[in-house]
>>> print(open('final-v8.cif').read())   # mmCIF, C-alpha atoms
data_run
#
loop_
_atom_site.group_PDB
_atom_site.id
_atom_site.type_symbol
_atom_site.label_atom_id
_atom_site.label_comp_id
_atom_site.auth_asym_id
_atom_site.auth_seq_id
_atom_site.Cartn_x
_atom_site.Cartn_y
_atom_site.Cartn_z
ATOM 1 C CA MET A 1 -16.416 23.271 21.797
ATOM 2 C CA PRO A 2 -14.673 20.826 24.167
ATOM 3 C CA THR A 3 -11.070 19.879 23.497
ATOM 4 C CA ARG A 4 -9.924 16.288 23.786
ATOM 5 C CA THR A 5 -7.315 15.955 26.515
ATOM 6 C CA VAL A 6 -6.997 12.154 26.618
ATOM 7 C CA GLN A 7 -5.256 10.190 23.890
ATOM 8 C CA ALA A 8 -7.741 7.846 22.231
ATOM 9 C CA TRP A 9 -5.249 5.045 21.594
ATOM 10 C CA SER A 10 -5.149 1.482 22.837
ATOM 11 C CA LEU A 11 -3.171 -1.703 22.277
ATOM 12 C CA ARG A 12 -4.676 -5.049 21.435
ATOM 13 C CA PRO A 13 -3.060 -8.398 20.673
ATOM 14 C CA ALA A 14 -2.218 -8.878 17.009
ATOM 15 C CA THR A 15 -3.699 -11.653 14.918
ATOM 16 C CA PRO A 16 -2.494 -13.264 11.693
ATOM 17 C CA GLU A 17 -5.143 -11.190 9.901
ATOM 18 C CA ASP A 18 -3.300 -7.970 10.864
ATOM 19 C CA LEU A 19 -0.309 -8.855 8.678
ATOM 20 C CA ASP A 20 -1.515 -7.152 5.487
ATOM 21 C CA ALA A 21 -2.283 -3.872 7.243
ATOM 22 C CA MET A 22 1.092 -3.991 9.003
ATOM 23 C CA THR A 23 3.046 -4.695 5.804
ATOM 24 C CA GLU A 24 1.357 -1.855 3.936
ATOM 25 C CA LEU A 25 1.938 0.576 6.803
ATOM 26 C CA ARG A 26 5.599 -0.484 6.985
ATOM 27 C CA ALA A 27 6.025 0.236 3.278
ATOM 28 C CA VAL A 28 4.562 3.734 3.674
ATOM 29 C CA VAL A 29 6.447 4.643 6.859
ATOM 30 C CA MET A 30 9.824 3.207 5.836
ATOM 31 C CA ARG A 31 9.865 4.487 2.270
ATOM 32 C CA PRO A 32 11.390 7.960 2.840
ATOM 33 C CA ASP A 33 14.271 6.651 4.974
ATOM 34 C CA LEU A 34 14.928 3.653 2.741
ATOM 35 C CA GLU A 35 14.921 5.860 -0.371
ATOM 36 C CA ARG A 36 17.314 8.278 1.322
ATOM 37 C CA LEU A 37 19.648 5.357 2.009
ATOM 38 C CA GLY A 38 19.216 4.016 -1.531
ATOM 39 C CA ARG A 39 17.704 0.793 -0.175
ATOM 40 C CA TYR A 40 13.997 1.013 -1.037
ATOM 41 C CA ASP A 41 12.618 -2.062 -2.775
ATOM 42 C CA GLU A 42 8.830 -2.274 -3.236
ATOM 43 C CA HIS A 43 8.742 -6.044 -2.627
ATOM 44 C CA ARG A 44 11.496 -6.392 -0.022
ATOM 45 C CA VAL A 45 10.049 -3.717 2.316
ATOM 46 C CA ARG A 46 6.918 -5.830 2.671
ATOM 47 C CA GLN A 47 8.535 -9.269 2.575
ATOM 48 C CA ARG A 48 10.879 -8.540 5.465
ATOM 49 C CA LEU A 49 7.894 -8.003 7.764
ATOM 50 C CA ARG A 50 6.035 -11.008 6.341
ATOM 51 C CA ASP A 51 9.074 -13.186 7.095
ATOM 52 C CA ALA A 52 9.440 -11.911 10.670
ATOM 53 C CA TYR A 53 5.820 -11.331 11.733
ATOM 54 C CA ALA A 54 5.047 -12.997 15.057
ATOM 55 C CA PRO A 55 1.538 -12.055 16.176
ATOM 56 C CA GLU A 56 2.142 -13.603 19.592
ATOM 57 C CA HIS A 57 4.708 -10.845 20.294
ATOM 58 C CA THR A 58 2.954 -8.045 18.422
ATOM 59 C CA SER A 59 0.440 -5.454 19.595
ATOM 60 C CA ILE A 60 -1.796 -3.469 17.294
ATOM 61 C CA VAL A 61 -2.174 0.227 17.990
ATOM 62 C CA GLU A 62 -5.721 1.439 17.562
ATOM 63 C CA TYR A 63 -6.678 5.090 17.549
ATOM 64 C CA ASP A 64 -10.353 5.919 18.024
ATOM 65 C CA GLY A 65 -11.026 2.203 17.521
ATOM 66 C CA ALA A 66 -9.333 1.910 14.119
ATOM 67 C CA PHE A 67 -6.034 0.327 13.050
ATOM 68 C CA ALA A 68 -3.256 2.914 13.425
ATOM 69 C CA GLY A 69 -0.084 0.861 13.706
ATOM 70 C CA GLY A 70 1.720 -1.887 15.492
ATOM 71 C CA VAL A 71 4.739 -2.790 17.576
ATOM 72 C CA ALA A 72 6.459 -6.028 18.520
ATOM 73 C CA LEU A 73 8.197 -6.689 21.817
ATOM 74 C CA ARG A 74 9.949 -10.025 21.494
ATOM 75 C CA PRO A 75 11.693 -11.826 24.363
ATOM 76 C CA VAL A 76 15.397 -12.476 23.793
ATOM 77 C CA GLU A 77 18.037 -14.134 25.952
ATOM 78 C CA ASP A 78 18.997 -10.960 27.829
ATOM 79 C CA GLY A 79 15.771 -8.940 27.816
ATOM 80 C CA TRP A 80 13.503 -7.715 25.040
ATOM 81 C CA TRP A 81 13.803 -6.721 21.381
ATOM 82 C CA LEU A 82 11.557 -3.873 20.217
ATOM 83 C CA GLU A 83 10.787 -4.060 16.509
ATOM 84 C CA HIS A 84 8.228 -3.298 13.832
ATOM 85 C CA PHE A 85 7.062 -0.093 15.534
ATOM 86 C CA TYR A 86 5.034 1.697 12.889
ATOM 87 C CA LEU A 87 2.350 4.335 13.291
ATOM 88 C CA SER A 88 0.129 5.897 10.698
ATOM 89 C CA PRO A 89 1.775 9.090 9.407
ATOM 90 C CA ALA A 90 -1.387 10.955 10.470
ATOM 91 C CA LEU A 91 -0.355 10.300 14.095
ATOM 92 C CA HIS A 92 3.302 11.301 13.779
ATOM 93 C CA GLY A 93 4.177 14.207 16.055
ATOM 94 C CA ARG A 94 0.973 13.937 18.094
ATOM 95 C CA GLY A 95 2.352 12.067 21.105
ATOM 96 C CA THR A 96 0.872 8.668 20.306
ATOM 97 C CA GLY A 97 4.238 7.014 19.635
ATOM 98 C CA THR A 98 5.616 8.495 22.841
ATOM 99 C CA ALA A 99 2.661 7.171 24.830
ATOM 100 C CA VAL A 100 2.816 3.688 23.297
ATOM 101 C CA LEU A 101 6.568 3.455 23.867
ATOM 102 C CA ALA A 102 6.243 4.673 27.474
ATOM 103 C CA ASP A 103 3.607 2.010 28.129
ATOM 104 C CA LEU A 104 5.814 -0.770 26.760
ATOM 105 C CA LEU A 105 8.881 0.451 28.644
ATOM 106 C CA ALA A 106 6.959 0.620 31.914
ATOM 107 C CA ARG A 107 6.288 -3.096 31.490
ATOM 108 C CA THR A 108 9.924 -3.985 30.806
ATOM 109 C CA ASP A 109 11.091 -1.736 33.659
ATOM 110 C CA ALA A 110 8.748 -3.603 36.022
ATOM 111 C CA MET A 111 10.481 -6.834 34.959
ATOM 112 C CA GLY A 112 13.908 -5.240 35.417
ATOM 113 C CA GLU A 113 14.976 -6.127 31.885
ATOM 114 C CA PRO A 114 16.752 -4.160 29.145
ATOM 115 C CA VAL A 115 15.268 -3.423 25.733
ATOM 116 C CA ARG A 116 17.211 -3.379 22.472
ATOM 117 C CA LEU A 117 16.274 -2.190 18.998
ATOM 118 C CA ASP A 118 17.721 -1.025 15.746
ATOM 119 C CA VAL A 119 16.734 2.062 13.809
ATOM 120 C CA LEU A 120 17.784 3.214 10.352
ATOM 121 C CA GLN A 121 20.620 5.731 10.156
ATOM 122 C CA GLY A 122 19.134 9.239 9.995
ATOM 123 C CA SER A 123 15.621 8.175 10.997
ATOM 124 C CA ALA A 124 13.588 10.676 13.010
ATOM 125 C CA ALA A 125 12.515 7.745 15.202
ATOM 126 C CA ARG A 126 15.968 7.741 16.782
ATOM 127 C CA ARG A 127 15.115 10.955 18.660
ATOM 128 C CA LEU A 128 12.031 9.285 20.133
ATOM 129 C CA TYR A 129 14.128 6.397 21.396
ATOM 130 C CA GLU A 130 16.815 8.688 22.808
ATOM 131 C CA ARG A 131 14.176 10.687 24.719
ATOM 132 C CA HIS A 132 13.170 7.411 26.373
ATOM 133 C CA GLY A 133 16.695 6.558 27.483
ATOM 134 C CA PHE A 134 18.006 4.419 24.631
ATOM 135 C CA VAL A 135 21.729 4.787 23.938
ATOM 136 C CA VAL A 136 23.821 3.614 21.008
ATOM 137 C CA GLU A 137 25.520 0.240 21.401
ATOM 138 C CA ARG A 138 26.915 0.108 17.866
ATOM 139 C CA GLU A 139 26.310 1.356 14.351
ATOM 140 C CA ASP A 140 26.843 0.227 10.800
ATOM 141 C CA PRO A 141 26.292 2.136 7.542
ATOM 142 C CA VAL A 142 22.547 1.317 7.572
ATOM 143 C CA ASP A 143 21.444 0.747 11.180
ATOM 144 C CA VAL A 144 21.951 2.132 14.666
ATOM 145 C CA PHE A 145 21.665 -0.513 17.399
ATOM 146 C CA MET A 146 20.439 0.864 20.715
ATOM 147 C CA VAL A 147 19.786 -0.373 24.239
ATOM 148 C CA ARG A 148 17.800 0.925 27.197
ATOM 149 C CA LEU A 149 18.554 -0.415 30.643
ATOM 150 C CA PRO A 150 15.635 -0.791 33.047
ATOM 151 C CA ARG A 151 14.883 2.206 35.207
ATOM 152 C CA ALA A 152 14.879 1.558 38.929
ATOM 153 C CA GLY A 153 11.667 2.070 40.841
ATOM 154 C CA SER A 154 9.448 1.679 37.810
#
>>> encode(input="final-v8.cif", output="structure tokens")
Amino acid sequence: MPTRTVQAWSLRPATPEDLDAMTELRAVVMRPDLERLGRYDEHRVRQRLRDAYAPEHTSIVEYDGAFAGGVALRPVEDGWWLEHFYLSPALHGRGTGTAVLADLLARTDAMGEPVRLDVLQGSAARRLYERHGFVVEREDPVDVFMVRLPRAGS
């Protein structure tokens, strides 16, 4: 039986209709970390994305043609802000997040611009960002704010 060697993921532009799927995925993915921090609120976890959703800066991750997550890369004064990066738990640990992040960072590297983000204290996602060159700028009791400078020659 043949083994798949190519990741079957793709990015497509988000639409307003993707909001419900994104908010539900956010609630599922964020719940363990928010509960650990004593900050989980069933309504607030969804409302925060509803309030900030900008489809014009968001890409939907599809895996084998089906919705599997999303990520926003929003322009800011001094580069880009990476936010709302959520993948279906079924894809965690399978390299899809790494591939999606590498694709986005190749674009920002080509523009010669830094990328910033924040990640919850203690989140496993922090390791993913560190592997891709993000370093801590500052921290507070809830969030870790990170930056990645553009890589030369990319």
>>> residues_around(input="final-v8.cif", residues="Arg131 in chain A", least_positions_apart="6", cutoff="12 Å", atoms="all atoms listed in the file", output="tab-separated table (two decimals) with C-alpha atoms, keeping the file's coordinate frame")
chain	number	residue	atom	x	y	z
A	97	GLY	CA	4.24	7.01	19.64
A	98	THR	CA	5.62	8.49	22.84
A	101	LEU	CA	6.57	3.46	23.87
A	102	ALA	CA	6.24	4.67	27.47
A	124	ALA	CA	13.59	10.68	13.01
A	125	ALA	CA	12.52	7.74	15.20
A	148	ARG	CA	17.80	0.92	27.20
>>> resolve_selection(input="final-v8.cif", expression="the PyMOL selection byres ((chain A and resi 147) around 12)", output="PyMOL selection string")
chain A and resi 78-82+105+113-119+126+129-130+132-139+144-146+148-150
>>> atom_distance(input="final-v8.cif", atom1="CA of Gly69 in chain A", atom2="CA of Arg26 in chain A")
8.9 Å
>>> resolve_selection(input="final-v8.cif", expression="the PyMOL selection byres ((chain A and resi 89) around 9)", output="list in words")
Leu25, Val28, Val29, Ala68, Tyr86, Leu87, Ser88, Ala90, Leu91, His92 and Gly93 of chain A
>>> residues_around(input="final-v8.cif", residues="Glu17 in chain A", least_positions_apart="2", cutoff="12 Å", atoms="all atoms listed in the file", output="CSV table (one decimal) with C-alpha atoms, in the coordinates of the input")
chain,number,residue,atom,x,y,z
A,13,PRO,CA,-3.1,-8.4,20.7
A,14,ALA,CA,-2.2,-8.9,17.0
A,15,THR,CA,-3.7,-11.7,14.9
A,19,LEU,CA,-0.3,-8.9,8.7
A,20,ASP,CA,-1.5,-7.2,5.5
A,21,ALA,CA,-2.3,-3.9,7.2
A,22,MET,CA,1.1,-4.0,9.0
A,23,THR,CA,3.0,-4.7,5.8
A,50,ARG,CA,6.0,-11.0,6.3
A,53,TYR,CA,5.8,-11.3,11.7
A,54,ALA,CA,5.0,-13.0,15.1
A,55,PRO,CA,1.5,-12.1,16.2
A,60,ILE,CA,-1.8,-3.5,17.3
A,67,PHE,CA,-6.0,0.3,13.0
>>> axis_aligned_box(input="final-v8.cif", around="range 25-44 of chain A", padding_each_side="6 Å", output="lines of an AutoDock Vina configuration file")
center_x = 10.8
center_y = 0.9
center_z = 1.9
size_x = 29.7
size_y = 26.7
size_z = 22.2
>>> closest_residue(input="final-v8.cif", among="A:Pro16, A:His57, A:Arg44, A:Ser123", to="Val76 in chain A", atoms="only C-alpha atoms")
A:His57
>>> closest_residue(input="final-v8.cif", among="A:Ala152, A:Ala27, A:Leu34, A:Leu104", to="Gln47 in chain A", atoms="all atoms listed in the file")
A:Ala27
>>> atom_distance(input="final-v8.cif", atom1="CA of Ser59 in chain A", atom2="CA of Glu24 in chain A")
16.1 Å
